[in-house]
Structure formats: structure tokens, C-alpha cells
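Text of the file entry.tsv, holding TSV, C-alpha atoms:
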chain	number	residue	atom	x	y	z
A	31	MET	CA	81.49	82.31	149.01
A	32	LEU	CA	78.08	81.61	147.45
A	33	ARG	CA	78.00	84.69	145.28
A	34	ARG	CA	74.87	83.84	143.30
A	35	THR	CA	72.81	83.93	146.48
A	36	LEU	CA	74.71	86.61	148.36
A	37	PHE	CA	75.43	89.15	145.68
A	38	LYS	CA	73.10	88.28	142.75
A	39	ARG	CA	74.40	89.93	139.55
A	40	MET	CA	75.69	93.19	140.93
A	41	GLY	CA	76.98	95.87	138.61
A	42	GLY	CA	78.44	97.89	141.48
A	43	LEU	CA	81.60	97.61	143.50
A	44	LEU	CA	81.66	95.52	146.65
A	45	LEU	CA	84.53	95.25	149.09
A	46	ALA	CA	83.96	91.92	150.84
A	47	PRO	CA	85.66	90.40	153.89
A	48	ALA	CA	87.18	86.94	153.55
A	49	LEU	CA	84.98	84.07	154.65
A	50	PRO	CA	86.35	81.24	156.81
A	51	LEU	CA	87.43	78.21	154.82
A	52	SER	CA	84.88	76.13	156.70
A	53	THR	CA	81.93	78.21	155.43
A	54	LEU	CA	81.36	76.37	152.15
A	55	ALA	CA	82.31	72.98	153.51
A	56	ALA	CA	79.35	73.26	155.86
A	57	THR	CA	76.99	73.60	152.89
A	58	GLY	CA	78.01	70.23	151.44
A	59	ALA	CA	79.78	71.60	148.36
A	60	LYS	CA	82.13	68.96	146.93
A	61	PRO	CA	85.82	69.94	147.34
A	62	ALA	CA	87.79	70.07	144.10
A	63	LEU	CA	91.18	71.58	144.92
A	64	ARG	CA	93.10	73.43	147.59
A	65	ILE	CA	95.63	75.90	146.21
A	66	ALA	CA	98.13	78.33	147.70
A	67	HIS	CA	98.64	81.67	145.98
A	68	LEU	CA	102.16	82.95	146.70
A	69	THR	CA	103.10	86.25	145.14
A	70	ASP	CA	105.85	88.88	145.35
A	71	ILE	CA	108.45	86.74	147.09
A	72	HIS	CA	111.30	89.04	145.96
A	73	LEU	CA	113.93	86.67	147.27
A	74	LYS	CA	117.40	87.98	147.97
A	75	ASP	CA	120.24	86.89	150.22
A	76	LYS	CA	119.53	89.63	152.73
A	77	PHE	CA	117.14	90.35	155.63
A	78	ASP	CA	117.19	86.57	156.38
A	79	ALA	CA	114.79	86.25	153.44
A	80	PRO	CA	115.76	82.67	152.47
A	81	ARG	CA	114.88	81.42	155.96
A	82	HIS	CA	111.56	83.27	155.91
A	83	LEU	CA	110.71	81.74	152.53
A	84	ARG	CA	111.53	78.28	153.90
A	85	ASP	CA	109.19	78.98	156.83
A	86	CYS	CA	106.48	80.05	154.38
A	87	LEU	CA	106.84	76.93	152.23
A	88	HIS	CA	106.75	74.69	155.29
A	89	HIS	CA	103.63	76.51	156.46
A	90	VAL	CA	101.97	76.02	153.07
A	91	GLN	CA	102.68	72.29	153.23
A	92	SER	CA	101.43	71.90	156.81
A	93	HIS	CA	97.72	72.36	156.06
A	94	SER	CA	95.13	69.64	156.31
A	95	PRO	CA	93.60	69.00	153.81
A	96	LYS	CA	96.84	69.32	151.88
A	97	VAL	CA	97.52	72.01	149.29
A	98	ASP	CA	97.46	70.53	145.78
A	99	PHE	CA	99.71	73.09	144.08
A	100	ILE	CA	101.11	76.60	144.26
A	101	LEU	CA	100.12	79.48	142.00
A	102	ASN	CA	103.11	81.81	141.80
A	103	GLY	CA	101.91	85.35	141.12
A	104	GLY	CA	105.26	86.72	139.95
A	105	ASP	CA	108.24	88.68	141.28
A	106	LEU	CA	110.02	85.58	142.52
A	107	VAL	CA	113.42	87.28	142.44
A	108	PHE	CA	114.16	90.54	144.16
A	109	ASP	CA	114.81	92.57	141.03
A	110	MET	CA	116.38	91.80	137.65
A	111	ASN	CA	115.93	95.35	136.36
A	112	LYS	CA	119.19	96.73	134.94
A	113	GLU	CA	121.31	94.11	136.76
A	114	ASP	CA	124.20	92.22	135.19
A	115	LEU	CA	124.07	88.55	134.22
A	116	ALA	CA	126.02	87.33	137.25
A	117	THR	CA	123.67	89.08	139.69
A	118	ASN	CA	120.60	87.71	137.94
A	119	GLU	CA	122.03	84.19	137.79
A	120	ALA	CA	122.64	84.33	141.55
A	121	GLN	CA	119.08	85.49	142.25
A	122	TRP	CA	117.55	82.66	140.24
A	123	LYS	CA	119.93	80.08	141.71
A	124	LEU	CA	118.88	81.12	145.22
A	125	VAL	CA	115.15	80.97	144.41
A	126	LYS	CA	115.31	77.62	142.67
A	127	GLY	CA	117.51	76.16	145.39
A	128	VAL	CA	115.06	77.04	148.17
A	129	PHE	CA	112.04	75.70	146.28
A	130	LYS	CA	113.87	72.49	145.31
A	131	SER	CA	114.95	71.75	148.88
A	132	GLU	CA	111.89	72.96	150.78
A	133	SER	CA	108.82	72.36	148.59
A	134	GLY	CA	107.43	69.20	147.03
A	135	LEU	CA	104.44	70.96	145.48
A	136	PRO	CA	103.88	71.59	141.76
A	137	MET	CA	103.97	75.29	140.89
A	138	TYR	CA	102.41	77.28	138.04
A	139	SER	CA	103.80	80.76	137.43
A	140	VAL	CA	103.19	84.09	135.78
A	141	LEU	CA	105.83	86.74	135.15
A	142	GLY	CA	106.18	89.73	137.44
A	143	ASN	CA	107.81	92.99	136.43
A	144	HIS	CA	110.83	92.24	138.65
A	145	ASP	CA	111.34	88.85	136.98
A	146	ILE	CA	111.93	90.51	133.61
A	147	TRP	CA	115.39	91.59	132.49
A	148	TRP	CA	114.44	94.93	130.97
A	149	LYS	CA	118.04	95.58	129.97
A	150	GLU	CA	117.82	92.90	127.28
A	151	LYS	CA	116.02	93.26	123.93
A	152	ASN	CA	114.19	89.93	124.31
A	153	GLU	CA	113.40	90.88	127.86
A	154	LYS	CA	111.07	88.00	128.87
A	155	GLU	CA	112.92	85.08	127.31
A	156	TYR	CA	115.47	84.76	130.11
A	157	ALA	CA	112.80	84.61	132.82
A	158	LEU	CA	110.79	82.07	130.83
A	159	GLN	CA	113.86	79.86	130.60
A	160	GLN	CA	114.49	80.13	134.34
A	161	LEU	CA	110.87	79.22	135.11
A	162	GLU	CA	110.78	76.51	132.43
A	163	MET	CA	107.76	78.16	130.79
A	164	ALA	CA	107.15	77.75	127.08
A	165	LYS	CA	105.02	80.91	126.82
A	166	PRO	CA	104.28	83.90	129.07
A	167	TYR	CA	100.54	83.08	129.03
A	168	TYR	CA	98.80	79.70	129.01
A	169	SER	CA	95.96	77.68	130.53
A	170	PHE	CA	95.49	74.31	132.20
A	171	VAL	CA	92.70	72.28	133.79
A	172	LYS	CA	92.84	70.69	137.25
A	173	GLY	CA	90.07	69.31	139.44
A	174	GLY	CA	87.34	70.43	137.05
A	175	TRP	CA	88.54	74.06	137.10
A	176	LYS	CA	90.28	75.92	134.27
A	177	PHE	CA	93.21	78.13	135.24
A	178	ILE	CA	94.17	80.95	132.89
A	179	CYS	CA	97.61	82.43	133.54
A	180	LEU	CA	98.09	85.84	131.97
A	181	ASP	CA	101.07	87.93	130.94
A	182	SER	CA	100.14	91.31	132.38
A	183	VAL	CA	103.50	93.12	132.17
A	184	HIS	CA	104.39	94.92	128.93
A	185	LEU	CA	106.47	97.85	127.75
A	186	ASP	CA	104.77	101.22	128.13
A	187	ILE	CA	103.82	103.20	125.02
A	188	ASP	CA	107.13	105.13	125.18
A	189	ASN	CA	109.17	101.90	125.59
A	190	THR	CA	110.82	103.18	128.77
A	191	TRP	CA	109.04	101.21	131.52
A	192	TYR	CA	106.20	98.73	132.00
A	193	ILE	CA	102.42	98.94	131.90
A	194	GLY	CA	99.63	96.55	132.87
A	195	LYS	CA	97.74	95.18	129.87
A	196	LEU	CA	97.22	92.10	127.70
A	197	GLY	CA	97.81	93.47	124.22
A	198	GLU	CA	95.73	92.62	121.16
A	199	GLU	CA	97.14	89.13	120.50
A	200	GLN	CA	96.77	87.94	124.09
A	201	PHE	CA	93.31	89.46	124.45
A	202	HIS	CA	92.11	87.52	121.41
A	203	TRP	CA	93.69	84.38	122.87
A	204	LEU	CA	91.85	84.96	126.18
A	205	GLU	CA	88.60	85.52	124.29
A	206	SER	CA	89.13	82.24	122.42
A	207	GLU	CA	90.01	80.38	125.62
A	208	LEU	CA	86.77	81.45	127.28
A	209	ASN	CA	84.67	80.80	124.18
A	210	ASN	CA	86.09	77.28	123.98
A	211	THR	CA	85.65	76.48	127.67
A	212	ASP	CA	82.60	74.52	128.76
A	213	LYS	CA	80.21	77.07	130.25
A	214	ASN	CA	79.80	74.81	133.28
A	215	MET	CA	83.55	74.70	134.00
A	216	PRO	CA	84.55	77.37	136.56
A	217	VAL	CA	87.52	79.56	135.68
A	218	CYS	CA	90.26	81.05	137.87
A	219	VAL	CA	92.48	83.76	136.34
A	220	LEU	CA	96.01	84.51	137.55
A	221	SER	CA	97.87	87.74	136.75
A	222	HIS	CA	100.72	89.66	138.35
A	223	ILE	CA	99.33	93.17	137.95
A	224	PRO	CA	95.74	93.41	139.26
A	225	ILE	CA	92.92	93.53	136.74
A	226	LEU	CA	90.81	95.38	139.31
A	227	THR	CA	91.81	96.55	142.80
A	228	ALA	CA	90.82	99.08	145.45
A	229	THR	CA	94.34	99.25	146.91
A	230	LEU	CA	95.32	102.19	144.70
A	231	MET	CA	92.99	104.41	146.71
A	232	ILE	CA	95.13	103.86	149.80
A	233	GLU	CA	97.41	106.85	149.54
A	234	ASP	CA	98.53	109.47	152.02
A	235	ASN	CA	97.66	113.17	151.92
A	236	ILE	CA	95.10	113.14	149.11
A	237	VAL	CA	93.92	116.69	148.43
A	238	ASN	CA	91.59	116.36	145.47
A	239	LYS	CA	92.08	113.09	143.57
A	240	TRP	CA	93.94	109.81	143.53
A	241	THR	CA	96.73	109.05	141.08
A	242	MET	CA	96.47	105.63	139.45
A	243	LEU	CA	99.37	104.62	137.24
A	244	GLY	CA	99.15	102.16	134.36
A	245	GLY	CA	101.88	100.09	135.95
A	246	ASP	CA	99.76	99.50	139.07
A	247	MET	CA	96.54	98.16	137.51
A	248	HIS	CA	95.59	96.88	134.07
A	249	THR	CA	94.93	99.71	131.63
A	250	ASP	CA	92.52	97.45	129.70
A	251	THR	CA	90.37	96.70	132.75
A	252	ALA	CA	87.11	97.75	131.08
A	253	ALA	CA	87.64	95.43	128.10
A	254	ILE	CA	88.57	92.46	130.30
A	255	ILE	CA	85.61	93.01	132.63
A	256	SER	CA	83.27	93.26	129.64
A	257	LEU	CA	84.64	89.96	128.34
A	258	PHE	CA	84.21	88.27	131.72
A	259	TYR	CA	80.60	89.51	131.87
A	260	LYS	CA	79.87	87.34	128.82
A	261	HIS	CA	81.28	84.31	130.63
A	262	PRO	CA	79.65	83.82	134.06
A	263	ASN	CA	81.89	80.81	134.69
A	264	VAL	CA	84.79	83.21	135.38
A	265	LYS	CA	84.68	83.14	139.16
A	266	LEU	CA	87.99	84.29	140.58
A	267	CYS	CA	90.92	86.53	139.57
A	268	LEU	CA	94.12	86.43	141.66
A	269	SER	CA	96.93	88.98	141.54
A	270	GLY	CA	99.75	90.53	143.53
A	271	HIS	CA	102.15	93.39	142.66
A	272	ILE	CA	100.78	95.94	145.15
A	273	HIS	CA	101.89	94.08	148.33
A	274	LEU	CA	98.52	94.90	149.88
A	275	ARG	CA	95.59	92.55	150.52
A	276	ASP	CA	92.14	93.38	149.21
A	277	LYS	CA	89.07	91.69	147.74
A	278	VAL	CA	86.74	93.37	145.25
A	279	VAL	CA	83.58	91.74	143.89
A	280	TYR	CA	82.29	93.16	140.61
A	281	ASN	CA	79.69	91.54	138.33
A	282	ASN	CA	79.94	88.31	140.35
A	283	VAL	CA	83.68	88.01	139.72
A	284	THR	CA	85.93	88.16	142.79
A	285	TYR	CA	89.24	90.00	142.33
A	286	ILE	CA	91.78	89.31	145.07
A	287	CYS	CA	95.12	91.03	145.60
A	288	ASN	CA	96.91	88.59	147.91
A	289	GLY	CA	99.49	90.79	149.62
A	290	ALA	CA	103.08	89.56	149.39
A	291	VAL	CA	105.15	86.75	150.85
A	292	SER	CA	107.88	89.38	151.33
A	293	GLY	CA	105.58	91.95	152.95
A	294	ALA	CA	107.38	95.27	152.51
A	295	TRP	CA	110.25	93.65	150.58
A	296	TRP	CA	111.39	91.74	153.72
A	297	GLU	CA	111.34	94.83	155.93
A	298	GLY	CA	108.10	94.27	157.85
A	299	ASN	CA	104.49	94.97	156.92
A	300	ARG	CA	103.41	96.84	153.82
A	301	ARG	CA	101.11	99.32	155.52
A	302	GLU	CA	98.59	97.12	157.36
A	303	THR	CA	99.28	93.98	155.29
A	304	ALA	CA	101.67	91.53	156.93
A	305	PRO	CA	103.70	88.99	154.94
A	306	GLY	CA	101.46	86.13	153.84
A	307	TYR	CA	99.82	84.11	151.08
A	308	GLY	CA	96.36	83.16	149.88
A	309	LEU	CA	94.83	79.79	150.78
A	310	ILE	CA	91.90	78.91	148.54
A	311	ASP	CA	89.51	75.97	148.52
A	312	LEU	CA	87.81	75.45	145.16
A	313	TYR	CA	84.59	73.46	144.90
A	314	ALA	CA	83.10	71.44	142.08
A	315	ASP	CA	80.06	73.71	141.77
A	316	GLY	CA	82.22	76.78	141.03
A	317	THR	CA	82.12	78.23	144.52
A	318	PHE	CA	85.19	78.79	146.66
A	319	ALA	CA	86.39	79.83	150.10
A	320	GLU	CA	89.58	81.75	150.74
A	321	LYS	CA	91.63	83.55	153.33
A	322	TYR	CA	94.91	85.40	153.64
A	323	VAL	CA	97.36	83.49	155.83
A	324	ASN	CA	100.18	85.06	157.82
A	325	TYR	CA	102.95	82.55	158.27

Conversion result in C-alpha cells:
Amino acid sequence: MLRRTLFKRMGGLLLAPALPLSTLAATGAKPALRIAHLTDIHLKDKFDAPRHLRDCLHHVQSHSPKVDFILNGGDLVFDMNKEDLATNEAQWKLVKGVFKSESGLPMYSVLGNHDIWWKEKNEKEYALQQLEMAKPYYSFVKGGWKFICLDSVHLDIDNTWYIGKLGEEQFHWLESELNNTDKNMPVCVLSHIPILTATLMIEDNIVNKWTMLGGDMHTDTAAIISLFYKHPNVKLCLSGHIHLRDKVVYNNVTYICNGAVSGAWWEGNRRETAPGYGLIDLYADGTFAEKYVNY
């Protein structure tokens, strides 16, 4: 989507339909990367979920041009919350076994709330070990794009559940990352919990107002958006968590919630969003084309 020409520098909210992947190719933009954004897999040995995940991974690898790598948006396992060690070991063994046998693609991950063993004091360390991640947030460069992978899941202020935010240390790290990135290098941000989404307004039987919980969208949205406004090379933010597909464009940054590979936790569609994943073509000039793919 050529946002500089289509949307200018809009301060308002825009809900935009996905453009066909061929749209930008027709303009002569130089392809940089093709990525697949898979989020909320929630794998368990039930509902024939392992077979469906195999089908999804085969579908991802069937595209031409080929997908270069997978961005995993979190919630790989069904749920580690309050489970025992044996149950959690089995969940991770199943996930890693399917990916090892069915996918030859590199994968970069962020933590989802269901990946975290909240029962343990050092609740993220176990998931980081399983995913072979040194830290819960990091960055890397591929194809002339910088990818910033955030840790968006933290304990709530009462230490009883989780909330979407970065925290002071990570926010300063993000600020430093953007300050030290060439202003001509486009940036893609990956988080589990959405930084900005319209999906929270899809609720039944609203009488007077919507209820938006801090576990459903970042509570530091305003600060992050203000930071991005200072860095026009931030082009795209990908997330999951809600299991619904939407695209919001704000201040020339596109925020995409890419549904869920598991749909409604392997029991059909989540409202109108069928099981699927995001397929994204990134171009050297900082533009991109994307669509949600049902497999």
C-alpha cells in the first residue's frame, strides 16, 4: 500500500481493506522479502489440531515467490497457565515436533500470554528456553528492513494476571532502537498484544459504552504512537491475541491484527474471522502489500 500518496499524514483513524499482493508489484517497487505472520496457534493434541497446523505450514511453503521466514506472533502452545510441568513439556514437545517435521523456514518469535508459565516466579524463562530466545524482546535486520520484536505481556499492577505494555526499561530500549536506526530503513514491529486495534469494539449487546481491558490492547498505546510519530520509517505493526482480523491505519503506520491459525481455538471461526495467517510482501522503498490467507 502506497500510504504516502493514499493517506498523506493522517492524524485520524482509518480502517482499510487489504490490497491484493499484486498491487505494489505492478508499480515496479523492488521486492525485499516475503514473510508469513502466524499467530495464536494454540496447539494441543485435540480437535485434530496437529494435522491442521501441518496443513497450514504446507500452505505457507507452497507460495510463489517463496516465503523467506515466519514471524510467530505468540501463543504457540494451547495454554501453560497453571499447568504442571509434565503437561507443559508435552505441549512444547508437540509444537516443536510439528515445526521440525513440517517446516523448513526460519522463525522469529514473540511471547504470548499462553506461552508463559504464570505459576512460576520466573514466569518467562521457561518459554524463552523452549523457543531458544535469549531475551523476550530484540531486533534484527533482513532484506533492508528492521524487525523489532516486542515483549507485550506483563504482570498487571496487582500481580494477579497480565496486562499489555512495554514497561519503562523496554520502552527506553525501543526508543534507542529507533533513534539508532537509519531513517531510510523501514521498520516492522511485532507484538503479541495489539498496540492499536478496532477489534475491541466488536462486542454484543452494547448499551452505552464498550469495555476495553488492559489485557486486550497495550495500555501504553499513546506513548508508543507518539514515539512512532517521530520515526516515519516505522511502517507496519503486526499482532495477534484477539483472534480477529483487522487493519487500522493511524499516522501513516499500519496496525494489523492477523486473526489466528487456530481460529476459535480449533473450534471453527472466531466470529467472522476464519483460521488463517498473514502473507506480507515487503519492498525496498518501505512500502508493502499484505493479505489474510485462509488455509

Residue contacts of A:Ile225 (9 Å, all atoms listed in the file) excluding same-chain residues fewer than 6 positions away, as a count of residues only: 14

Given only C-alpha atoms as the counted atoms, nearest of A:Thr284, A:Thr317, A:Ser256, A:Thr211 to A:Lys176: A:Thr211

Point-to-point distance from atom CA of A:Asn299 to atom CA of A:Ile286, Å rounded to tenths: 18.3 Å

Shell of 12 Å around stretch 113-115 of chain A, all atoms listed in the file, local chain residues under 2 positions omitted, as number ranges by chain: A: 107-111, 117-122, 144-150, 156

Counting all atoms listed in the file, the residue of A:Ala59, A:Leu196, A:Ala66, A:Leu204 that sits nearest A:Val323: A:Ala66

Nearby residues (only C-alpha atoms) at most 12 Å from A:Phe77, same-chain spacing under 3 positions excluded, as number ranges by chain: A: 72-74, 80-83, 108, 292-298

Nearest to A:Val279, chosen from A:Pro95, A:Ala319, A:Thr227, A:Phe170, with all atoms listed in the file counted in the distances: A:Thr227

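Residue nearest A:Pro262 within the list A:Gly103, A:Gly316, A:Pro61, A:Gly289: A:Gly316 [criterion: smallest interatomic distance, all atoms listed in the file].
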
Using only C-alpha atoms: which of A:Val90, A:Leu220, A:Val171, A:Val283 has the shortest distance to A:Glu132: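 Using only C-alpha atoms, the shortest distance to A:Glu132 belongs to A:Val90.
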
Rows by chain and residue number, stretch 180-237 of chain A within 9 Å of stretch 160-168 of chain A, shortest pair, all atoms listed in the file, as CSV:
residue,atom,partner,partner_atom,distance
A:Leu180,CA,A:Tyr167,CA,4.7
A:Asp181,CA,A:Tyr167,CA,5.2
A:Ser182,CA,A:Tyr167,CA,8.9
A:Gln200,CA,A:Tyr167,CA,7.9

Please save C-alpha atoms of the selected residues as a CSV table (one decimal), in the frame of the given file.
chain,number,residue,atom,x,y,z
A,180,LEU,CA,98.1,85.8,132.0
A,181,ASP,CA,101.1,87.9,130.9
A,182,SER,CA,100.1,91.3,132.4
A,200,GLN,CA,96.8,87.9,124.1

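When atom CA of A:Leu135 is paired with atom CA of A:Lys172, their separation reads 14.2 Å.
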
Distance query A:Gly174 at most 10 Å, only C-alpha atoms, self and fewer than 2 positions along chain excluded, as a count of residues only: 15

Nearest to A:Trp203 by atom-to-atom distance, counting only C-alpha atoms, from A:Thr241, A:Ser169, A:Ser131, A:Asn282: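 Smallest distance to A:Trp203 is found for A:Ser169.
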
Interatomic distance, atom CA of A:Lys321 to atom CA of A:Ala79 (Å, one decimal):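 Going from atom CA of A:Lys321 over to atom CA of A:Ala79 covers 23.3 Å.
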
Shell around A:Gly134 at 10 Å using all atoms listed in the file, local window under 3 positions removed, as a ChimeraX atom specification: /A:87-88,91,99,129-131,137
